[in-house]
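Peer 1: Before we start, here is the structure in question, set down as structure tokens.
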Amino acid sequence: MDAFALLRERLAAARPDVIVMVAGDHLNQWFMDNMPQFLIGKAQRATGPFPHERDAFGLEDYDVEIEGALARHLLNKGVEGHFDLSYSNEFTIDHGFVVPLSLLRPEQDTPVIPLFTNVMVPPIPPGRRFHELGLAVRELIETFDADTRVAVVTSGHMTNSIGSPTMLSFAQQPLTDWDKSTWHRLHHGDIDELVAESTFEHLYSFGNGTPGFLDYIFALGMVGERRPDWSELTYGPTQLPTGFLEWNEQTLNGGAR
């Protein structure tokens with residue numbers, strides 16, 4: 001059973017009422033002239049992908065309700081004490097959102113809240129800020145309606161480089177020393193140290209797409225010091241390293257929420 005199939009089963013078993021979906025936009029919705037650092041999508045529905053992604057990646061349309069009450073809670077309470085999140089009522093979700101949602105909840109029946117992160121265009125917040133945002137979002141979810149079951153899915157990656165000579169080196173060595181070291185540290189290492197060194201400049205030195213790892217750092221902020229209950233690292237000559245990590249309900253909060 002592949003990683004997505006396993007996680008799809010476990011997500012269904014968790015019975016979430018809403019999925020907070022965290023991912024970076026790939027210069028599709030947001031560009032150099034308008035690049036929010038962290039943005040909540042609060043339209044009535046989230047739809048995607050972009051037309052060129054349908055053709056390039058063979059993606060099907062994804063169209064799902066947005067959980068407006070929790071989206072507004074994150075925005076309003078975030079401003080009061082945590083983060084000044086941006087928001088938009090006009091957006092399309094790209095493959096960073098559509099791929100995991102399509103594979104984890106193909107039924108398109110669980111409301112979502114898209115949380116866009118800037119992992120593409122400097123100035124990019126450092127890992128510390130992503131980590132703080134993860135912690136803040138968890139605290140805000142915990143102050144929402146106690147009967148609402150919330151799952152959080154983040155979409156990022158390990159080393160990655162698109163449109164540069166570095167792509168050839170990934171084909172020859174799909175798992176770099178940085179990937180091996182970072183994967184070990186996610187399970188056994190000093191998380192504070194990993195967060196501190198996860199800056200745009202440092203991550204970019206391993207490939208122009210590697211700053212997408214910052215969304216992993218967001219997840220680490222959500223879970224605190226807890227180590228994953230399950231994980232799998234996949235890679236190959238035609239597949240960039242992809243790390244799957246799961247923290248279950250019991251580990252996160254003793255079975256509540």
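FYI, nothing fancy with the structure tokens labels: chains A, B, ... in order, residues from 1 per chain, ligands from 1 as they appear.
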With DSSP run on the backbone, what are the helix (DSSP H, G or I) residues within region 6-238 of chain A? I'd like them as an NGL selection string.
Peer 2: :A and (6-14 or 51-57 or 68-81 or 95-104 or 127-142 or 166-172 or 177-188 or 191-197 or 200-204 or 210-223)
Peer 1: Between region 90-156 of chain A and region 9-24 of chain A, at 10 Å or less, what are the per-residue closest atom pairs and their distances in Å? Count only C-alpha atoms, order by chain and rising residue number, and return it as CSV.
Peer 2:
residue,atom,partner,partner_atom,distance
A:Ile93,CA,A:Ala23,CA,9.4
A:Asp94,CA,A:Gly24,CA,8.9
A:His95,CA,A:Ala23,CA,9.3
A:Gly96,CA,A:Ala23,CA,5.7
A:Phe97,CA,A:Ala23,CA,6.2
A:Val98,CA,A:Met21,CA,9.8
A:Pro100,CA,A:Met21,CA,9.0
A:Leu101,CA,A:Met21,CA,8.2
A:Leu104,CA,A:Leu11,CA,7.3
A:Arg105,CA,A:Ala12,CA,8.0
A:Asp109,CA,A:Val18,CA,9.6
A:Thr110,CA,A:Val18,CA,5.8
A:Pro111,CA,A:Val18,CA,5.0
A:Val112,CA,A:Ile19,CA,4.6
A:Ile113,CA,A:Val20,CA,4.7
A:Pro114,CA,A:Met21,CA,5.0
A:Leu115,CA,A:Val22,CA,4.7
A:Phe116,CA,A:Gly24,CA,5.4
A:Thr117,CA,A:Gly24,CA,4.7
A:Asn118,CA,A:Gly24,CA,5.7
A:Val119,CA,A:Gly24,CA,5.8
A:Met120,CA,A:Gly24,CA,7.6
A:Gly134,CA,A:Val22,CA,9.9
A:Val137,CA,A:Val20,CA,9.6
A:Ile141,CA,A:Val20,CA,9.8
A:Asp147,CA,A:Asp17,CA,9.2
A:Thr148,CA,A:Asp17,CA,6.1
A:Arg149,CA,A:Pro16,CA,4.8
A:Val150,CA,A:Val18,CA,5.2
A:Ala151,CA,A:Ile19,CA,4.8
A:Val152,CA,A:Val20,CA,4.7
A:Val153,CA,A:Met21,CA,5.0
A:Thr154,CA,A:Val22,CA,4.6
A:Ser155,CA,A:Ala23,CA,4.9
A:Gly156,CA,A:Ala23,CA,6.6
Peer 1: Could you save the residues just selected, with N, CA, C and O atoms, as a compact mmCIF listing (two decimals), in the first residue's frame?
Peer 2:
# COMPACT_ATOMS: atom_id res chain seq x y z
N ILE A 93 -6.67 27.24 -6.22
CA ILE A 93 -5.65 26.43 -5.57
C ILE A 93 -4.88 25.66 -6.64
O ILE A 93 -5.47 25.08 -7.56
N ASP A 94 -3.56 25.67 -6.53
CA ASP A 94 -2.75 24.98 -7.55
C ASP A 94 -2.40 23.57 -7.09
O ASP A 94 -2.96 23.04 -6.12
N HIS A 95 -1.45 22.93 -7.78
CA HIS A 95 -1.19 21.50 -7.54
C HIS A 95 -0.68 21.22 -6.13
O HIS A 95 -0.85 20.11 -5.62
N GLY A 96 -0.08 22.23 -5.47
CA GLY A 96 0.36 22.01 -4.10
C GLY A 96 -0.79 21.67 -3.16
O GLY A 96 -0.59 20.97 -2.16
N PHE A 97 -1.96 22.15 -3.48
CA PHE A 97 -3.17 21.82 -2.73
C PHE A 97 -3.93 20.65 -3.36
O PHE A 97 -4.38 19.73 -2.67
N VAL A 98 -4.09 20.71 -4.69
CA VAL A 98 -4.97 19.77 -5.38
C VAL A 98 -4.45 18.34 -5.31
O VAL A 98 -5.22 17.39 -5.12
N PRO A 100 -2.45 16.65 -2.98
CA PRO A 100 -2.73 15.92 -1.73
C PRO A 100 -4.22 15.80 -1.43
O PRO A 100 -4.67 14.74 -0.96
N LEU A 101 -5.00 16.83 -1.71
CA LEU A 101 -6.43 16.73 -1.44
C LEU A 101 -7.08 15.66 -2.31
O LEU A 101 -7.93 14.90 -1.84
N LEU A 104 -5.95 12.28 -0.84
CA LEU A 104 -6.35 12.00 0.54
C LEU A 104 -7.86 12.03 0.73
O LEU A 104 -8.40 11.30 1.56
N ARG A 105 -8.55 12.87 -0.01
CA ARG A 105 -10.00 12.97 0.11
C ARG A 105 -10.60 13.15 -1.28
O ARG A 105 -11.13 14.22 -1.63
N ASP A 109 -15.72 15.93 -0.21
CA ASP A 109 -16.89 16.15 0.64
C ASP A 109 -16.54 16.71 2.02
O ASP A 109 -17.44 16.93 2.84
N THR A 110 -15.26 16.95 2.30
CA THR A 110 -14.85 17.50 3.59
C THR A 110 -14.42 18.95 3.40
O THR A 110 -13.49 19.22 2.63
N PRO A 111 -15.09 19.90 4.04
CA PRO A 111 -14.72 21.32 3.89
C PRO A 111 -13.24 21.55 4.24
O PRO A 111 -12.66 20.85 5.08
N VAL A 112 -12.66 22.53 3.59
CA VAL A 112 -11.25 22.83 3.80
C VAL A 112 -11.08 24.30 4.14
O VAL A 112 -12.00 25.11 3.99
N ILE A 113 -9.88 24.62 4.62
CA ILE A 113 -9.43 26.01 4.72
C ILE A 113 -8.04 26.04 4.08
O ILE A 113 -7.09 25.45 4.62
N PRO A 114 -7.88 26.70 2.93
CA PRO A 114 -6.55 26.81 2.33
C PRO A 114 -5.72 27.87 3.05
O PRO A 114 -6.20 28.99 3.27
N LEU A 115 -4.51 27.50 3.43
CA LEU A 115 -3.57 28.44 4.03
C LEU A 115 -2.35 28.48 3.12
O LEU A 115 -1.59 27.52 3.04
N PHE A 116 -2.21 29.58 2.40
CA PHE A 116 -1.10 29.75 1.45
C PHE A 116 0.13 30.27 2.20
O PHE A 116 0.04 31.20 3.01
N THR A 117 1.28 29.69 1.91
CA THR A 117 2.55 30.16 2.47
C THR A 117 3.48 30.58 1.34
O THR A 117 3.49 29.97 0.26
N ASN A 118 4.27 31.59 1.58
CA ASN A 118 5.25 32.04 0.59
C ASN A 118 6.55 31.26 0.78
O ASN A 118 7.28 31.48 1.75
N VAL A 119 6.82 30.35 -0.14
CA VAL A 119 8.09 29.61 -0.13
C VAL A 119 8.86 29.85 -1.43
O VAL A 119 9.79 29.13 -1.76
N MET A 120 8.44 30.88 -2.19
CA MET A 120 8.97 31.08 -3.53
C MET A 120 9.74 32.38 -3.73
O MET A 120 10.74 32.40 -4.44
N GLY A 134 2.77 27.63 12.90
CA GLY A 134 2.19 26.33 13.21
C GLY A 134 1.68 26.25 14.62
O GLY A 134 0.57 25.76 14.88
N VAL A 137 -1.52 28.46 14.88
CA VAL A 137 -2.70 27.85 14.27
C VAL A 137 -3.25 26.75 15.17
O VAL A 137 -4.46 26.61 15.33
N ILE A 141 -7.00 26.77 16.68
CA ILE A 141 -7.93 25.66 16.47
C ILE A 141 -8.48 25.17 17.80
O ILE A 141 -9.66 24.87 17.94
N ASP A 147 -16.53 20.85 19.48
CA ASP A 147 -17.11 19.69 18.81
C ASP A 147 -16.59 19.51 17.39
O ASP A 147 -16.92 18.53 16.73
N THR A 148 -15.83 20.46 16.89
CA THR A 148 -15.32 20.40 15.53
C THR A 148 -14.02 19.63 15.48
O THR A 148 -13.05 19.98 16.16
N ARG A 149 -14.00 18.59 14.66
CA ARG A 149 -12.79 17.77 14.49
C ARG A 149 -11.99 18.33 13.31
O ARG A 149 -12.50 18.40 12.19
N VAL A 150 -10.74 18.71 13.58
CA VAL A 150 -9.92 19.40 12.58
C VAL A 150 -8.69 18.57 12.26
O VAL A 150 -7.95 18.16 13.17
N ALA A 151 -8.47 18.31 10.98
CA ALA A 151 -7.22 17.71 10.51
C ALA A 151 -6.39 18.79 9.82
O ALA A 151 -6.94 19.68 9.16
N VAL A 152 -5.09 18.72 9.98
CA VAL A 152 -4.19 19.66 9.32
C VAL A 152 -3.27 18.88 8.40
O VAL A 152 -2.62 17.92 8.82
N VAL A 153 -3.23 19.28 7.13
CA VAL A 153 -2.38 18.63 6.13
C VAL A 153 -1.44 19.69 5.57
O VAL A 153 -1.89 20.77 5.15
N THR A 154 -0.15 19.42 5.58
CA THR A 154 0.82 20.34 4.98
C THR A 154 1.44 19.69 3.77
O THR A 154 1.67 18.47 3.74
N SER A 155 1.72 20.49 2.77
CA SER A 155 2.25 20.00 1.49
C SER A 155 3.56 20.71 1.20
O SER A 155 3.59 21.90 0.92
N GLY A 156 4.66 19.98 1.32
CA GLY A 156 5.97 20.54 1.03
C GLY A 156 6.85 19.46 0.42
O GLY A 156 6.34 18.48 -0.13
Peer 1: May I ask which of the residues A:Asp55, A:Phe4, A:Thr92, A:Ala71 is the closest one to Trp30 (chain A), counting only C-alpha atoms?
Peer 2: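 Among A:Asp55, A:Phe4, A:Thr92, A:Ala71, it is A:Thr92 that comes nearest to Trp30 (chain A).
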Peer 1: Residues within 10 Å of Phe83 (chain A), please, as a ChimeraX atom specification. Count only C-alpha atoms; anything in the same chain fewer than 2 positions from it doesn't count.
Peer 2: /A:38,74-81,85-86,129,132-133,136-137
Peer 1: Going by DSSP on the backbone, which bits of region 7-235 of chain A are strand (DSSP E or B)? Write them as a count of residues only, please.
Peer 2: 43
Peer 1: Need the shell around Ser102 (chain A): protein/DNA/RNA residues with any atom at most 9 Å away, counting only C-alpha atoms. Skip same-chain ones fewer than 4 positions apart. Format as a ChimeraX atom specification?
Peer 2: /A:59-62,97-98,106-108
Peer 1: Taking into account only C-alpha atoms, which residue in the set A:Thr242, A:Asn248, A:Ser161, A:Asn89 is nearest to Asp229 (chain A)?
Peer 2: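 Of A:Thr242, A:Asn248, A:Ser161, A:Asn89, the one nearest Asp229 (chain A), counting only C-alpha atoms, is A:Asn248.
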Peer 1: So, with only C-alpha atoms as the atoms that count, which of A:Asp177, A:Glu201, A:Glu246, A:Glu139 lies closest to Leu214 (chain A)?
Peer 2: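 Going through A:Asp177, A:Glu201, A:Glu246, A:Glu139 one by one, the smallest distance to Leu214 (chain A) is for A:Glu201.
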Peer 1: Can you list, as a list in words, every protein, DNA or RNA residue that comes within 9 Å of Gly207 (chain A) when you count only C-alpha atoms, leaving out same-chain residues fewer than 6 positions away?
Peer 2: Thr159, Asn160, Ser161, Ile162, Ser164, Thr166 and Met167 of chain A
Peer 1: Hey, can you spit out that residue selection with C-alpha atoms as an mmCIF file, in the first residue's frame?
Peer 2:
data_model
loop_
_atom_site.group_PDB
_atom_site.id
_atom_site.type_symbol
_atom_site.label_atom_id
_atom_site.label_comp_id
_atom_site.auth_asym_id
_atom_site.auth_seq_id
_atom_site.Cartn_x
_atom_site.Cartn_y
_atom_site.Cartn_z
ATOM 1 C CA THR A 159 15.378 18.772 -1.921
ATOM 2 C CA ASN A 160 14.004 20.052 -5.195
ATOM 3 C CA SER A 161 15.321 22.069 -8.117
ATOM 4 C CA ILE A 162 13.360 22.985 -11.216
ATOM 5 C CA SER A 164 18.363 24.343 -13.601
ATOM 6 C CA THR A 166 20.920 20.787 -10.678
ATOM 7 C CA MET A 167 18.013 18.698 -11.973
#
Peer 1: So, counting only C-alpha atoms, which residue among A:Asp215, A:Gly41, A:Leu27, A:Gly236 is closest to Gln172 (chain A)?
Peer 2: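 Checking each of A:Asp215, A:Gly41, A:Leu27, A:Gly236 against Gln172 (chain A), counting only C-alpha atoms, the winner is A:Gly236.
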